[in-house]
Protein chains: 2
Amino acid sequence: MNKDIPVISLQRLPVYLNYLKSLPSDAEYVSSGGIAAALGMGEVLVRKDLAYTSAIGRPRVGYDRQELIAAIEEYLCCDGERSAVLVGAGALGRAILSYGGFKNYGIEIKAAFDSDPDKISREIAGKRVYGISDAAKKIKELAAELAVICVPAQFAQSVADLLISCGVKAILNFAPVLISAPENVVVRHIDVAANLAILSSMI
Amino acid sequence: MNKDIPVISLQRLPVYLNYLKSLPSDAEYVSSGGIAAALGMGEVLVRKDLAYTSAIGRPRVGYDRQELIAAIEEYLCCDGERSAVLVGAGALGRAILSYGGFKNYGIEIKAAFDSDPDKISREIAGKRVYGISDAAKKIKELAAELAVICVPAQFAQSVADLLISCGVKAILNFAPVLISAPENVVVRHIDVAANLAILSSMI
């Protein structure tokens, strides 16, 4: 539970993590100044962000790179292994089920749900697709608190309501529509088209 | 070219747009207070963001909803139709090629590139997949300034370098690695696993 860290700082932790992991293996120490320069950020900001983790930088030496990686990973995967489910096994849902990057953060997508009889009972990347009517039972069984929504816009809110009623506490929403949720549930919205549009309007 | 708007405001424009479009068709007027309440934001912030567009709210009436939608759309698709290309026709790339939401923003993904001979010359959602060696020629032919990168992490930087050398000005990067680019190129990074990890650490 990292409620004390500003979301904007939290969002930068995976960026630091990716950068630190991308360094050559003989890079033993990294300084906040070096990280800041590489990522085009301010040094004070980097130091502030990293201060939320347990890593301790030493004057004139910097951070031990492996220690810093471990500290950020510990911060991001605070409770160790976490179970997630995915709703909507269409093209995007299948791509996300096949994506291996979640385990770096201690997250595993354990099951998928869909309403299409042709998809139910199939396996995608080793994950079973269940009918949406089985969601309540399976989510409780898996104690899944994380969910990814990849359904068409018009179904996103009702799917979110169902997930929340089953105990889901965090939703990553890929449907191009805003989802409303009670205060104790966190929602992040990734709108792929909107992201490209934002870029387009910046050039 | 919207260089005067802060990126953080620009990012909220698609959120307003989705909300405005989700309202029932008989909702003729919307107030900044109404938008703010629906989206859990401050009213002053909403008014400031919308002031970057050409929409004009009237006291005690609010904004004409259709006018406001048109103004945001105009702002986001500032130059009309824009061509994009995609590199990496794997699971995620195919999902993005099949996604219809880009046209709402005046963007069309016109071609895809891959290095896998099995994928080259195939069509995905009506888009032809070309060999990566054809990228320079095709990108110039299409005058594509936008690109989506869906390749594995280790290839992302070299793909980005190639795209930039072909005239691409904006890159949406799905590879789980940071891409460096010259100052006149804008890059947005969507790390699906990191987004889920951030959520996970918030609950």
# chains A, B, ... in the order shown; residues from 1 in each chain; ligands from 1

call {"tool": "interface_residues", "arguments": {"of": "chain A", "to": "chain B", "cutoff": "8 Å", "atoms": "only C-alpha atoms", "output": "ChimeraX atom specification"}}
result
/A:1-3,10-11,14-15,18-19,22,75-78,82,91-92,94-96,98,101-102,105,107,146,169-172,176-178,185-188,193-203

call {"tool": "select_by_dssp", "arguments": {"residues": "range 70-166 of chain B", "states": "helix (DSSP H, G or I)", "output": "PyMOL selection string"}}
result
chain B and resi 70-76+91-98+101-105+132-142+153-165

call {"tool": "write_last_selection", "arguments": {"atoms": "C-alpha atoms", "output": "PDB file, in the first residue's frame"}}
result
ATOM      1  CA  ALA B  70     -16.095  19.913 -32.549  1.00  0.00           C
ATOM      2  CA  ALA B  71     -13.654  22.342 -30.919  1.00  0.00           C
ATOM      3  CA  ILE B  72     -11.775  19.571 -29.069  1.00  0.00           C
ATOM      4  CA  GLU B  73     -11.735  17.391 -32.171  1.00  0.00           C
ATOM      5  CA  GLU B  74     -10.403  20.283 -34.210  1.00  0.00           C
ATOM      6  CA  TYR B  75      -7.711  20.868 -31.608  1.00  0.00           C
ATOM      7  CA  LEU B  76      -6.659  17.219 -31.491  1.00  0.00           C
ATOM      8  CA  ALA B  91       0.125 -10.018 -31.152  1.00  0.00           C
ATOM      9  CA  LEU B  92      -0.032  -6.428 -29.883  1.00  0.00           C
ATOM     10  CA  GLY B  93       0.738  -4.933 -33.302  1.00  0.00           C
ATOM     11  CA  ARG B  94      -2.061  -6.940 -34.882  1.00  0.00           C
ATOM     12  CA  ALA B  95      -4.489  -5.830 -32.162  1.00  0.00           C
ATOM     13  CA  ILE B  96      -3.619  -2.182 -32.785  1.00  0.00           C
ATOM     14  CA  LEU B  97      -3.945  -2.601 -36.559  1.00  0.00           C
ATOM     15  CA  SER B  98      -7.418  -4.053 -36.008  1.00  0.00           C
ATOM     16  CA  GLY B 101     -10.598   4.101 -32.861  1.00  0.00           C
ATOM     17  CA  PHE B 102      -7.885   6.086 -34.645  1.00  0.00           C
ATOM     18  CA  LYS B 103     -10.169   7.503 -37.304  1.00  0.00           C
ATOM     19  CA  ASN B 104     -12.041   9.450 -34.596  1.00  0.00           C
ATOM     20  CA  TYR B 105      -8.864  11.511 -34.349  1.00  0.00           C
ATOM     21  CA  ILE B 132      11.440  -3.580 -42.622  1.00  0.00           C
ATOM     22  CA  SER B 133      13.855  -2.942 -45.514  1.00  0.00           C
ATOM     23  CA  ASP B 134      10.981  -1.266 -47.399  1.00  0.00           C
ATOM     24  CA  ALA B 135      10.265   1.108 -44.500  1.00  0.00           C
ATOM     25  CA  ALA B 136      12.256   4.098 -45.783  1.00  0.00           C
ATOM     26  CA  LYS B 137      10.579   4.001 -49.198  1.00  0.00           C
ATOM     27  CA  LYS B 138       7.025   3.407 -47.881  1.00  0.00           C
ATOM     28  CA  ILE B 139       7.194   5.986 -45.083  1.00  0.00           C
ATOM     29  CA  LYS B 140       8.260   8.675 -47.548  1.00  0.00           C
ATOM     30  CA  GLU B 141       5.602   7.575 -50.039  1.00  0.00           C
ATOM     31  CA  LEU B 142       2.892   7.780 -47.348  1.00  0.00           C
ATOM     32  CA  ALA B 153      12.600  -4.218 -26.249  1.00  0.00           C
ATOM     33  CA  GLN B 154      16.000  -4.981 -27.771  1.00  0.00           C
ATOM     34  CA  PHE B 155      14.965  -3.732 -31.221  1.00  0.00           C
ATOM     35  CA  ALA B 156      13.016  -0.638 -30.158  1.00  0.00           C
ATOM     36  CA  GLN B 157      15.846   1.914 -30.329  1.00  0.00           C
ATOM     37  CA  SER B 158      17.158   0.822 -33.739  1.00  0.00           C
ATOM     38  CA  VAL B 159      13.598   0.801 -35.124  1.00  0.00           C
ATOM     39  CA  ALA B 160      13.045   4.288 -33.691  1.00  0.00           C
ATOM     40  CA  ASP B 161      16.312   5.528 -35.244  1.00  0.00           C
ATOM     41  CA  LEU B 162      15.238   4.154 -38.619  1.00  0.00           C
ATOM     42  CA  LEU B 163      11.776   5.735 -38.375  1.00  0.00           C
ATOM     43  CA  ILE B 164      13.228   9.104 -37.387  1.00  0.00           C
ATOM     44  CA  SER B 165      15.688   8.972 -40.289  1.00  0.00           C
TER      45      SER B 165
END

call {"tool": "residues_around", "arguments": {"residues": "Asp118 in chain A", "least_positions_apart": "3", "cutoff": "12 Å", "atoms": "only C-alpha atoms", "output": "list in words"}}
result
Ala89, Gly90, Phe113, Asp114, Ser115, Ser121, Arg122, Glu123, Val129, Tyr130 and Gly131 of chain A

call {"tool": "select_by_dssp", "arguments": {"residues": "range 69-162 of chain B", "states": "strand (DSSP E)", "output": "list of chain:residue names"}}
result
B:Arg82, B:Ser83, B:Ala84, B:Val85, B:Leu86, B:Val87, B:Ile107, B:Glu108, B:Ile109, B:Lys110, B:Ala111, B:Ala112, B:Phe113, B:Asp114, B:Glu123, B:Ile124, B:Lys127, B:Arg128, B:Val129, B:Tyr130, B:Gly131, B:Leu146, B:Ala147, B:Val148, B:Ile149

call {"tool": "atom_distance", "arguments": {"atom1": "CA of Gly126 in chain B", "atom2": "CA of Phe174 in chain B"}}
result
21.8 Å

call {"tool": "closest_residue", "arguments": {"among": "B:Ala181, B:Ile109, B:Arg65, B:Met41", "to": "Leu23 in chain B", "atoms": "only C-alpha atoms"}}
result
B:Arg65

call {"tool": "decode", "arguments": {"residues": "range 33-68 of chain A", "atoms": "N, CA and C atoms", "output": "CSV table (one decimal), in the first residue's frame"}}
result
chain,number,residue,atom,x,y,z
A,33,GLY,N,22.3,12.3,-10.6
A,33,GLY,CA,22.6,13.2,-11.7
A,33,GLY,C,22.7,12.4,-13.0
A,34,GLY,N,23.3,11.3,-13.0
A,34,GLY,CA,23.4,10.4,-14.2
A,34,GLY,C,22.1,10.0,-14.7
A,35,ILE,N,21.2,9.5,-13.8
A,35,ILE,CA,19.9,9.1,-14.1
A,35,ILE,C,19.1,10.3,-14.7
A,36,ALA,N,19.2,11.4,-14.1
A,36,ALA,CA,18.5,12.6,-14.5
A,36,ALA,C,18.9,13.0,-15.9
A,37,ALA,N,20.2,13.0,-16.2
A,37,ALA,CA,20.7,13.4,-17.5
A,37,ALA,C,20.2,12.4,-18.6
A,38,ALA,N,20.3,11.1,-18.2
A,38,ALA,CA,19.9,10.1,-19.2
A,38,ALA,C,18.4,10.2,-19.6
A,39,LEU,N,17.6,10.6,-18.6
A,39,LEU,CA,16.1,10.6,-18.8
A,39,LEU,C,15.6,12.0,-19.1
A,40,GLY,N,16.5,12.9,-19.2
A,40,GLY,CA,16.1,14.3,-19.5
A,40,GLY,C,15.2,14.9,-18.3
A,41,MET,N,15.5,14.6,-17.1
A,41,MET,CA,14.8,15.1,-16.0
A,41,MET,C,15.6,15.9,-15.0
A,42,GLY,N,15.0,16.5,-14.0
A,42,GLY,CA,15.8,17.3,-13.0
A,42,GLY,C,16.3,16.3,-12.0
A,43,GLU,N,17.5,16.7,-11.5
A,43,GLU,CA,18.2,15.8,-10.5
A,43,GLU,C,17.5,15.7,-9.2
A,44,VAL,N,16.9,16.9,-8.8
A,44,VAL,CA,16.2,17.0,-7.5
A,44,VAL,C,15.0,16.1,-7.5
A,45,LEU,N,14.3,16.1,-8.7
A,45,LEU,CA,13.1,15.3,-8.8
A,45,LEU,C,13.5,13.8,-8.7
A,46,VAL,N,14.5,13.4,-9.4
A,46,VAL,CA,14.9,12.0,-9.4
A,46,VAL,C,15.2,11.6,-7.9
A,47,ARG,N,16.0,12.5,-7.2
A,47,ARG,CA,16.3,12.1,-5.9
A,47,ARG,C,15.1,12.0,-5.0
A,48,LYS,N,14.2,12.9,-5.2
A,48,LYS,CA,12.9,12.9,-4.4
A,48,LYS,C,12.1,11.6,-4.6
A,49,ASP,N,12.0,11.2,-5.9
A,49,ASP,CA,11.2,10.0,-6.3
A,49,ASP,C,11.9,8.8,-5.7
A,50,LEU,N,13.2,8.7,-5.8
A,50,LEU,CA,13.9,7.5,-5.3
A,50,LEU,C,13.9,7.4,-3.8
A,51,ALA,N,13.7,8.6,-3.1
A,51,ALA,CA,13.6,8.6,-1.6
A,51,ALA,C,12.4,7.9,-1.1
A,52,TYR,N,11.4,7.7,-2.0
A,52,TYR,CA,10.2,6.9,-1.5
A,52,TYR,C,10.5,5.4,-1.4
A,53,THR,N,11.6,5.0,-2.1
A,53,THR,CA,12.0,3.6,-1.9
A,53,THR,C,12.9,3.5,-0.8
A,54,SER,N,13.4,2.3,-0.5
A,54,SER,CA,14.3,2.1,0.6
A,54,SER,C,15.8,2.3,0.2
A,55,ALA,N,16.0,2.6,-1.0
A,55,ALA,CA,17.4,2.7,-1.5
A,55,ALA,C,18.1,4.0,-0.9
A,56,ILE,N,19.3,3.8,-0.6
A,56,ILE,CA,20.0,5.0,0.0
A,56,ILE,C,21.3,5.3,-0.9
A,57,GLY,N,21.3,6.5,-1.4
A,57,GLY,CA,22.4,6.9,-2.2
A,57,GLY,C,23.5,7.5,-1.3
A,58,ARG,N,24.8,7.2,-1.7
A,58,ARG,CA,25.9,7.7,-0.9
A,58,ARG,C,26.6,8.9,-1.6
A,59,PRO,N,26.9,9.9,-0.9
A,59,PRO,CA,27.6,11.1,-1.5
A,59,PRO,C,28.8,10.7,-2.3
A,60,ARG,N,28.9,11.3,-3.5
A,60,ARG,CA,30.0,11.1,-4.4
A,60,ARG,C,30.1,9.7,-5.0
A,61,VAL,N,29.3,8.8,-4.5
A,61,VAL,CA,29.3,7.4,-5.1
A,61,VAL,C,28.0,7.1,-5.9
A,62,GLY,N,26.9,7.5,-5.2
A,62,GLY,CA,25.6,7.3,-5.9
A,62,GLY,C,25.0,6.1,-5.3
A,63,TYR,N,24.1,5.5,-6.0
A,63,TYR,CA,23.3,4.3,-5.6
A,63,TYR,C,24.0,3.1,-6.1
A,64,ASP,N,24.1,2.0,-5.3
A,64,ASP,CA,24.5,0.7,-5.8
A,64,ASP,C,23.3,0.3,-6.8
A,65,ARG,N,23.7,0.0,-8.1
A,65,ARG,CA,22.6,-0.2,-9.1
A,65,ARG,C,21.7,-1.3,-8.7
A,66,GLN,N,22.3,-2.5,-8.3
A,66,GLN,CA,21.5,-3.6,-8.0
A,66,GLN,C,20.6,-3.4,-6.8
A,67,GLU,N,21.1,-2.7,-5.8
A,67,GLU,CA,20.3,-2.3,-4.6
A,67,GLU,C,19.1,-1.4,-5.0
A,68,LEU,N,19.4,-0.5,-5.9
A,68,LEU,CA,18.4,0.4,-6.3
A,68,LEU,C,17.3,-0.3,-7.1
